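Text of the file my_file-v2.txt, holding compact mmCIF, C-alpha atoms and all ligand atoms:
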```txt
# COMPACT_ATOMS: atom_id res chain seq x y z
CA LEU Q 629 103.65 73.45 103.60
CA GLU Q 630 106.18 71.77 105.83
CA GLY Q 631 107.88 73.98 108.36
CA LEU Q 632 105.66 77.00 107.69
CA GLN Q 633 106.77 79.62 110.21
CA THR Q 634 103.53 81.52 110.74
CA LYS Q 635 101.01 81.77 113.56
CA ARG Q 636 97.88 82.25 111.44
CA MET Q 637 98.57 82.81 107.75
CA GLY Q 638 98.14 79.51 105.93
CA GLN Q 639 97.67 77.47 109.11
CA HIS Q 640 94.39 76.25 107.64
CA ILE Q 641 94.63 75.49 103.92
CA VAL Q 642 91.79 74.65 101.56
CA HIS Q 643 93.44 73.17 98.45
CA LEU Q 644 91.22 72.76 95.41
CA LYS Q 645 91.91 71.39 91.94
CA VAL Q 646 89.67 73.70 89.99
CA VAL Q 647 87.41 76.53 91.05
CA ASP Q 648 85.84 79.61 89.49
CA SER Q 649 87.74 82.07 91.69
CA THR Q 650 89.59 81.49 94.96
CA ASN Q 651 88.42 84.97 96.05
CA VAL Q 652 84.80 83.83 95.75
CA VAL Q 653 85.42 80.64 97.74
CA ALA Q 654 87.38 82.51 100.41
CA ALA Q 655 84.61 85.12 100.74
CA LYS Q 656 82.05 82.37 101.28
CA LEU Q 657 84.24 80.67 103.90
CA ALA Q 658 84.79 84.02 105.61
CA ASP Q 659 81.01 84.51 105.76
CA GLU Q 660 80.74 81.10 107.37
CA GLY Q 661 83.15 82.18 110.09
CA GLU Q 662 86.53 80.83 108.92
CA PRO Q 663 89.26 82.49 110.99
CA GLU Q 664 91.86 84.95 109.83
CA GLY Q 665 94.69 83.33 107.93
CA THR Q 666 92.64 80.65 106.17
CA LEU Q 667 94.18 80.10 102.75
CA VAL Q 668 92.26 78.99 99.68
CA ILE Q 669 94.49 77.81 96.85
CA SER Q 670 93.55 76.19 93.56
CA ASP Q 671 95.51 74.56 90.74
CA GLN Q 672 93.25 76.23 88.20
CA GLN Q 673 90.60 78.96 88.06
CA THR Q 674 87.90 79.05 85.41
CA GLY Q 675 86.72 82.55 86.33
CA GLY Q 676 89.84 84.18 87.78
CA LYS Q 677 89.10 87.84 88.53
CA GLY Q 678 91.43 90.73 87.89
CA ARG Q 679 90.91 94.32 88.93
CA ARG Q 680 88.14 96.37 87.36
CA GLY Q 681 86.17 93.37 86.15
CA ARG Q 682 88.99 92.07 83.99
CA PRO Q 683 89.58 88.33 83.71
CA TRP Q 684 92.72 86.79 85.21
CA PHE Q 685 94.23 83.99 83.13
CA SER Q 686 94.66 81.03 85.54
CA PRO Q 687 95.62 77.84 83.67
CA PRO Q 688 96.10 74.52 85.53
CA GLY Q 689 99.32 73.72 87.32
CA THR Q 690 101.61 76.55 86.37
CA GLY Q 691 100.66 79.43 88.63
CA ILE Q 692 99.77 80.32 92.20
CA TRP Q 693 96.12 81.27 92.48
CA MET Q 694 95.37 81.90 96.14
CA SER Q 695 93.27 83.95 98.57
CA LEU Q 696 93.72 84.69 102.25
CA VAL Q 697 90.94 85.48 104.69
CA LEU Q 698 91.79 88.54 106.78
CA ARG Q 699 89.88 90.15 109.63
CA PRO Q 700 91.66 93.42 110.27
CA GLN Q 701 90.38 95.84 112.88
CA LEU Q 702 90.62 98.82 110.59
CA PRO Q 703 88.46 101.67 109.41
CA MET Q 704 87.06 101.02 105.95
CA ALA Q 705 89.06 103.82 104.38
CA HIS Q 706 92.26 101.96 105.25
CA ALA Q 707 91.37 98.75 103.43
CA PRO Q 708 93.13 99.66 100.15
CA GLN Q 709 96.37 99.85 102.12
CA LEU Q 710 96.23 96.08 102.60
CA THR Q 711 96.93 95.72 98.89
CA LEU Q 712 100.05 97.82 99.34
CA VAL Q 713 101.19 95.84 102.38
CA ALA Q 714 100.67 92.59 100.46
CA ALA Q 715 102.55 93.98 97.46
CA VAL Q 716 105.59 94.66 99.66
CA ALA Q 717 105.49 91.11 101.06
CA VAL Q 718 105.12 89.51 97.63
CA SER Q 719 107.77 91.69 96.08
CA GLN Q 720 110.26 90.87 98.86
CA ALA Q 721 109.45 87.16 98.63
CA LEU Q 722 109.78 87.01 94.83
CA THR Q 723 113.08 88.91 94.96
CA GLU Q 724 114.44 86.31 97.38
CA VAL Q 725 113.10 83.34 95.47
CA THR Q 726 114.44 84.46 92.07
CA GLY Q 727 117.57 86.35 93.08
CA SER Q 728 116.37 89.14 90.76
CA GLN Q 729 114.88 92.42 91.95
CA ALA Q 730 111.09 92.44 91.74
CA GLY Q 731 109.36 95.82 91.76
CA ILE Q 732 105.96 97.17 92.74
CA LYS Q 733 103.93 99.12 90.25
CA TRP Q 734 101.44 101.06 92.36
CA PRO Q 735 99.07 99.90 93.57
CA ASN Q 736 98.95 96.16 93.01
CA ASP Q 737 101.27 94.77 90.35
CA ILE Q 738 104.61 93.05 90.83
CA LEU Q 739 106.90 93.30 87.84
CA PHE Q 740 110.28 92.10 86.68
CA ASP Q 741 111.86 94.29 84.00
CA ASP Q 742 108.53 96.06 83.45
CA ARG Q 743 106.69 92.82 82.79
CA LYS Q 744 103.92 91.75 85.13
CA CYS Q 745 104.22 88.44 86.94
CA CYS Q 746 101.76 89.01 89.78
CA GLY Q 747 98.52 90.84 90.48
CA ILE Q 748 96.67 91.39 93.74
CA LEU Q 749 92.91 91.77 94.14
CA THR Q 750 91.59 92.78 97.56
CA GLU Q 751 87.86 92.55 98.21
CA MET Q 752 85.96 93.61 101.32
CA ASN Q 753 82.97 92.15 103.13
CA MET Q 754 81.12 94.70 105.22
CA GLU Q 755 78.29 94.89 107.68
CA SER Q 756 76.92 98.28 108.73
CA GLU Q 757 80.09 100.28 107.94
CA GLU Q 758 82.34 97.70 109.64
CA ILE Q 759 84.80 95.44 107.86
CA THR Q 760 83.84 91.84 108.64
CA SER Q 761 86.53 90.37 106.41
CA VAL Q 762 88.93 91.22 103.63
CA ILE Q 763 89.82 88.70 100.96
CA LEU Q 764 93.36 89.11 99.72
CA GLY Q 765 93.70 87.43 96.32
CA ILE Q 766 97.15 86.88 94.87
CA GLY Q 767 97.86 85.55 91.39
CA ILE Q 768 101.43 84.70 90.36
CA ASN Q 769 102.71 83.39 87.07
CA VAL Q 770 105.25 80.80 88.16
CA ASN Q 771 106.09 78.15 85.58
CA GLN Q 772 104.57 79.45 82.36
CA VAL Q 773 106.74 79.94 79.32
CA ARG Q 774 106.07 82.79 76.92
CA SER Q 775 103.92 80.77 74.53
CA ASP Q 776 101.65 79.67 77.41
CA PHE Q 777 100.33 83.22 77.77
CA PRO Q 778 97.41 84.43 75.66
CA GLU Q 779 98.80 86.32 72.70
CA GLU Q 780 97.46 89.68 73.84
CA ILE Q 781 99.53 89.60 77.05
CA GLN Q 782 102.70 87.91 75.75
CA GLY Q 783 104.41 91.28 75.45
CA ILE Q 784 103.59 92.44 78.98
CA ALA Q 785 103.53 89.27 81.10
CA THR Q 786 106.31 87.19 82.60
CA SER Q 787 106.72 84.27 84.99
CA LEU Q 788 109.24 83.32 87.65
CA ARG Q 789 110.46 80.57 85.33
CA GLU Q 790 111.19 83.10 82.59
CA ILE Q 791 113.12 85.22 85.07
CA THR Q 792 115.26 82.43 86.52
CA GLY Q 793 115.47 80.12 83.51
CA HIS Q 794 114.22 77.11 85.45
CA PRO Q 795 110.98 75.80 86.98
CA ILE Q 796 110.24 76.86 90.56
CA PRO Q 797 108.36 74.74 93.13
CA ARG Q 798 105.19 76.65 93.91
CA ALA Q 799 104.99 75.59 97.57
CA SER Q 800 108.25 77.31 98.45
CA VAL Q 801 106.96 80.58 96.97
CA VAL Q 802 103.65 80.34 98.82
CA GLN Q 803 105.45 79.66 102.09
CA ARG Q 804 107.77 82.62 101.76
CA ILE Q 805 104.91 84.96 100.88
CA LEU Q 806 102.85 83.84 103.89
CA GLU Q 807 105.79 84.38 106.24
CA LYS Q 808 106.67 87.82 104.86
CA PHE Q 809 103.04 88.88 104.76
CA GLU Q 810 102.26 87.85 108.34
CA THR Q 811 105.18 89.89 109.67
CA LEU Q 812 104.23 93.02 107.71
CA TYR Q 813 100.50 92.64 108.30
CA ASP Q 814 100.93 92.30 112.07
CA GLN Q 815 103.19 95.34 112.09
CA TYR Q 816 100.68 97.31 110.02
CA VAL Q 817 97.57 96.37 112.01
CA GLU Q 818 99.30 96.97 115.34
CA ASN Q 819 100.48 100.38 114.17
CA GLY Q 820 97.16 101.20 112.55
CA SER Q 821 98.95 103.13 109.84
CA PHE Q 822 100.62 102.51 106.50
CA ALA Q 823 103.35 104.90 107.64
CA CYS Q 824 105.28 102.01 109.24
CA ILE Q 825 105.43 100.10 105.93
CA ARG Q 826 106.12 103.12 103.76
CA ASP Q 827 109.91 102.89 103.71
CA GLN Q 828 109.83 99.23 102.77
CA TRP Q 829 107.27 100.01 100.07
CA LYS Q 830 109.53 102.72 98.66
CA LYS Q 831 112.44 100.31 98.55
CA GLN Q 832 110.46 97.86 96.41
CA SER Q 833 108.80 100.51 94.22
CA ILE Q 834 109.47 100.90 90.52
CA THR Q 835 106.84 103.64 90.38
CA LEU Q 836 108.54 106.52 92.19
CA GLY Q 837 110.62 108.76 89.99
CA ARG Q 838 108.81 107.58 86.87
CA HIS Q 839 106.40 109.42 84.61
CA VAL Q 840 102.89 108.11 85.24
CA SER Q 841 99.47 108.55 83.76
CA ALA Q 842 96.61 107.72 86.10
CA ALA Q 843 93.00 107.30 84.99
CA THR Q 844 91.07 108.49 88.04
CA SER Q 845 87.40 109.28 88.57
CA ARG Q 846 88.42 112.96 88.38
CA GLY Q 847 90.07 112.50 85.00
CA ILE Q 848 93.56 111.67 83.85
CA ILE Q 849 96.42 112.82 86.05
CA THR Q 850 99.87 112.82 84.46
CA GLY Q 851 103.25 113.75 85.85
CA VAL Q 852 106.12 112.27 87.80
CA ALA Q 853 105.29 110.02 90.76
CA VAL Q 854 107.29 111.60 93.57
CA ASP Q 855 106.03 109.98 96.76
CA ILE Q 856 103.53 107.77 98.54
CA ASP Q 857 101.70 109.36 101.48
CA GLU Q 858 100.86 107.85 104.88
CA MET Q 859 97.47 106.72 103.51
CA GLY Q 860 99.06 104.95 100.55
CA ALA Q 861 98.04 107.54 97.96
CA LEU Q 862 100.46 108.18 95.12
CA VAL Q 863 101.73 111.75 95.01
CA VAL Q 864 102.15 112.99 91.45
CA GLU Q 865 103.96 116.18 90.47
CA THR Q 866 101.89 117.62 87.63
CA GLU Q 867 102.05 120.88 85.71
CA GLN Q 868 99.34 122.15 88.09
CA GLY Q 869 101.32 121.15 91.17
CA GLN Q 870 101.13 118.04 93.34
CA GLN Q 871 98.07 115.85 93.10
CA LYS Q 872 97.21 112.72 95.05
CA VAL Q 873 95.92 109.60 93.40
CA TYR Q 874 93.93 107.40 95.75
CA SER Q 875 92.64 104.81 93.35
CA ALA Q 876 93.39 104.23 89.70
CA ASP Q 877 95.12 102.12 87.14
CA ILE Q 878 98.35 103.76 86.14
CA GLN Q 879 100.63 103.59 83.17
CA VAL Q 880 104.30 104.00 83.85
CA SER Q 881 106.67 105.23 81.19
C1 LIG X 901 94.99 92.17 88.80
O1 LIG X 901 96.18 92.37 88.58
O2 LIG X 901 94.11 92.65 88.07
C2 LIG X 901 94.60 91.32 89.98
C3 LIG X 901 94.72 89.85 89.71
C4 LIG X 901 94.35 88.98 90.90
C5 LIG X 901 94.31 87.50 90.56
C6 LIG X 901 94.15 86.62 91.77
S1 LIG X 901 94.36 84.90 91.41
C7 LIG X 901 93.75 84.46 92.98
C8 LIG X 901 92.60 85.40 93.28
N1 LIG X 901 91.35 84.88 92.75
C9 LIG X 901 90.87 85.65 91.77
O3 LIG X 901 89.83 85.41 91.12
N2 LIG X 901 91.68 86.70 91.57
C10 LIG X 901 92.81 86.70 92.49
```

If you convert what's in this file into structure tokens, what do you get?
Ligand code: BTN
Amino acid sequence: LEGLQTKRMGQHIVHLKVVDSTNVVAAKLADEGEPEGTLVISDQQTGGKGRRGRPWFSPPGTGIWMSLVLRPQLPMAHAPQLTLVAAVAVSQALTEVTGSQAGIKWPNDILFDDRKCCGILTEMNMESEEITSVILGIGINVNQVRSDFPEEIQGIATSLREITGHPIPRASVVQRILEKFETLYDQYVENGSFACIRDQWKKQSITLGRHVSAATSRGIITGVAVDIDEMGALVVETEQGQQKVYSADIQVS
């Protein structure tokens, strides 16, 4: 990445051809003491992981499959907010790269026209209640065409190439994401609160104002998403009043 304008993010890059999951490799490197900002990126993943144990389709050469090692000084309860901070950075970067507005579907998807082109999977390493590292995994469909996607996701997935109508060099996307993310991450960690990112999150959101259905551990919460709180929870106006969703997969309609 020539001319990368960051202090830490992506200053050490481990580039692999094929790997099971970049999150797994990054976690191992983090355990071995790799510093914050180390980037693991692979041309292909054979066991790409999505949220909730789902697989993440990661064919060779067409996407960005990458993981960053982070070492935030944060209480454990704040770790999910890193996904939100990353989503803002990716959404801003992809909007700039494509010239089309990308949007965040809470908590971790980046969409164009309601089709997903990027997912984020954050995993934590802990030692006696302390975060030792967080692995921020980002998967972006860049140069796939519709028929490259498995049939079952053809109706819901998209790529940057589909959005712009032409192939996009992956390195330029990676670089922009690293630069955006470092700025937001530093701001967030210094502040110690998601509150300082909240306005930017709202600007990139396609979730607020929409009807959502969230499968939570307390059951299904449905209503209109009206806000995001200072912890990053989604505030949903339901028939029983406002309810907060801290962790869930949501459907937006
Ligand atoms: C999701 O939307 O369910 C999250 C998808 C995260 C995929 C990325 S690709 C790079 C990193 N390595 C993995 O195994 N998963 C993440």

Using all atoms listed in the file: which of Q:Ile732, Q:Ala843, Q:Leu702, Q:Ile766 has the shortest distance to ligand LIG 901 (chain X): Q:Ile766

Selection within 9 Å of ligand LIG 901 (chain X) by all atoms listed in the file, output as a PyMOL selection string: chain Q and resi 648-654+668-670+673-686+691-695+736-738+744+746-750+763-768

Nearest to Q:Glu724, chosen from Q:Arg804, Q:Ser845, Q:Gln828, Q:Gly820, with only C-alpha atoms counted in the distances: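 Closest to Q:Glu724, using only C-alpha atoms: Q:Arg804.
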
Atom CA of Q:Leu644 to atom CA of Q:Gly689, straight-line distance in Å: 11.5 Å

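With all atoms listed in the file as the atoms that count, the minimum distance from Q:Asp741 to the choices Q:Glu780, Q:Glu790, Q:Glu867, Q:Asp671 is reached by Q:Glu790.
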
Atomic separation - atom CA of Q:Ala842 relative to atom CA of Q:Ile878, Å: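 Between atom CA of Q:Ile878 and atom CA of Q:Ala842 the gap is 4.3 Å.
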
Å distance separating atom CA of Q:Cys745 from atom CA of Q:Val770, one decimal place: 7.8 Å

Proximity to Q:Ala721 - best of Q:Pro708, Q:Phe809, Q:Leu667, Q:Ile791, only C-alpha atoms: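 Closest to Q:Ala721 of all the choices is Q:Phe809.
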
Minimum-distance residue to Q:Val817, chosen among Q:Val713, Q:Ala785, Q:Val802, Q:Leu836 (using all atoms listed in the file): Q:Val713

Distance query Q:Thr866 at most 10 Å, only C-alpha atoms, self and fewer than 2 positions along chain excluded, as a VMD selection string: chain Q and resid 839 to 840 849 to 853 863 to 864 868 to 871

Please write the residues from the selection above to a file, keeping C-alpha atoms, as an mmCIF file, in the frame of the given file.
```
data_model
loop_
_atom_site.group_PDB
_atom_site.id
_atom_site.type_symbol
_atom_site.label_atom_id
_atom_site.label_comp_id
_atom_site.auth_asym_id
_atom_site.auth_seq_id
_atom_site.Cartn_x
_atom_site.Cartn_y
_atom_site.Cartn_z
ATOM 1 C CA HIS Q 839 106.400 109.420 84.610
ATOM 2 C CA VAL Q 840 102.890 108.110 85.240
ATOM 3 C CA ILE Q 849 96.420 112.820 86.050
ATOM 4 C CA THR Q 850 99.870 112.820 84.460
ATOM 5 C CA GLY Q 851 103.250 113.750 85.850
ATOM 6 C CA VAL Q 852 106.120 112.270 87.800
ATOM 7 C CA ALA Q 853 105.290 110.020 90.760
ATOM 8 C CA VAL Q 863 101.730 111.750 95.010
ATOM 9 C CA VAL Q 864 102.150 112.990 91.450
ATOM 10 C CA GLN Q 868 99.340 122.150 88.090
ATOM 11 C CA GLY Q 869 101.320 121.150 91.170
ATOM 12 C CA GLN Q 870 101.130 118.040 93.340
ATOM 13 C CA GLN Q 871 98.070 115.850 93.100
#
```

For Q:Lys635, list every protein, DNA or RNA residue within 10 Å, evaluated using all atoms listed in the file, and leave out those in the same chain fewer than 2 positions away; present the list as an mmCIF file with C-alpha atoms, keeping the file's coordinate frame.
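After the write, out24.cif holds the following:
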```cif
data_model
loop_
_atom_site.group_PDB
_atom_site.id
_atom_site.type_symbol
_atom_site.label_atom_id
_atom_site.label_comp_id
_atom_site.auth_asym_id
_atom_site.auth_seq_id
_atom_site.Cartn_x
_atom_site.Cartn_y
_atom_site.Cartn_z
ATOM 1 C CA LEU Q 632 105.660 77.000 107.690
ATOM 2 C CA GLN Q 633 106.770 79.620 110.210
ATOM 3 C CA MET Q 637 98.570 82.810 107.750
ATOM 4 C CA GLY Q 638 98.140 79.510 105.930
ATOM 5 C CA GLN Q 639 97.670 77.470 109.110
ATOM 6 C CA GLY Q 665 94.690 83.330 107.930
ATOM 7 C CA GLU Q 807 105.790 84.380 106.240
ATOM 8 C CA GLU Q 810 102.260 87.850 108.340
ATOM 9 C CA THR Q 811 105.180 89.890 109.670
#
```

Option closest in space to Q:Lys656, from Q:Ser841, Q:Val697, Q:Val873, Q:Ser787 [counting only C-alpha atoms]: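 Comparing Q:Ser841, Q:Val697, Q:Val873, Q:Ser787 against Q:Lys656, the winner is Q:Val697.
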
Give me the residues of stretch 636-738 of chain Q that have any atom at most 9 Å from an atom of stretch 754-760 of chain Q; for each, the nearest atom pair and the distance in Å, rounded to one decimal. Use all atoms listed in the file, sort by chain and number, and format it as a Markdown table.
```
| residue | atom | partner | partner_atom | distance |
| --- | --- | --- | --- | --- |
| Q:Ala658 | CA | Q:Thr760 | CA | 8.4 |
| Q:Asp659 | CA | Q:Thr760 | CA | 8.4 |
| Q:Leu698 | CA | Q:Thr760 | CA | 8.8 |
| Q:Arg699 | CA | Q:Thr760 | CA | 6.3 |
| Q:Pro700 | CA | Q:Ile759 | CA | 7.5 |
| Q:Gln701 | CA | Q:Ile759 | CA | 7.5 |
| Q:Leu702 | CA | Q:Ile759 | CA | 7.3 |
| Q:Pro703 | CA | Q:Glu758 | CA | 7.3 |
| Q:Met704 | CA | Q:Ile759 | CA | 6.3 |
| Q:Ala707 | CA | Q:Ile759 | CA | 8.6 |
```

Within 9 Å of Q:Ile825, counting only C-alpha atoms, which residues qualify if same-chain residues fewer than 4 places away don't, as a CSV table (one decimal) with C-alpha atoms, keeping the file's coordinate frame?
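And here is the file that came out, selection01.csv:
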```csv
chain,number,residue,atom,x,y,z
Q,712,LEU,CA,100.0,97.8,99.3
Q,713,VAL,CA,101.2,95.8,102.4
Q,716,VAL,CA,105.6,94.7,99.7
Q,812,LEU,CA,104.2,93.0,107.7
Q,815,GLN,CA,103.2,95.3,112.1
Q,816,TYR,CA,100.7,97.3,110.0
Q,821,SER,CA,99.0,103.1,109.8
Q,829,TRP,CA,107.3,100.0,100.1
Q,830,LYS,CA,109.5,102.7,98.7
```
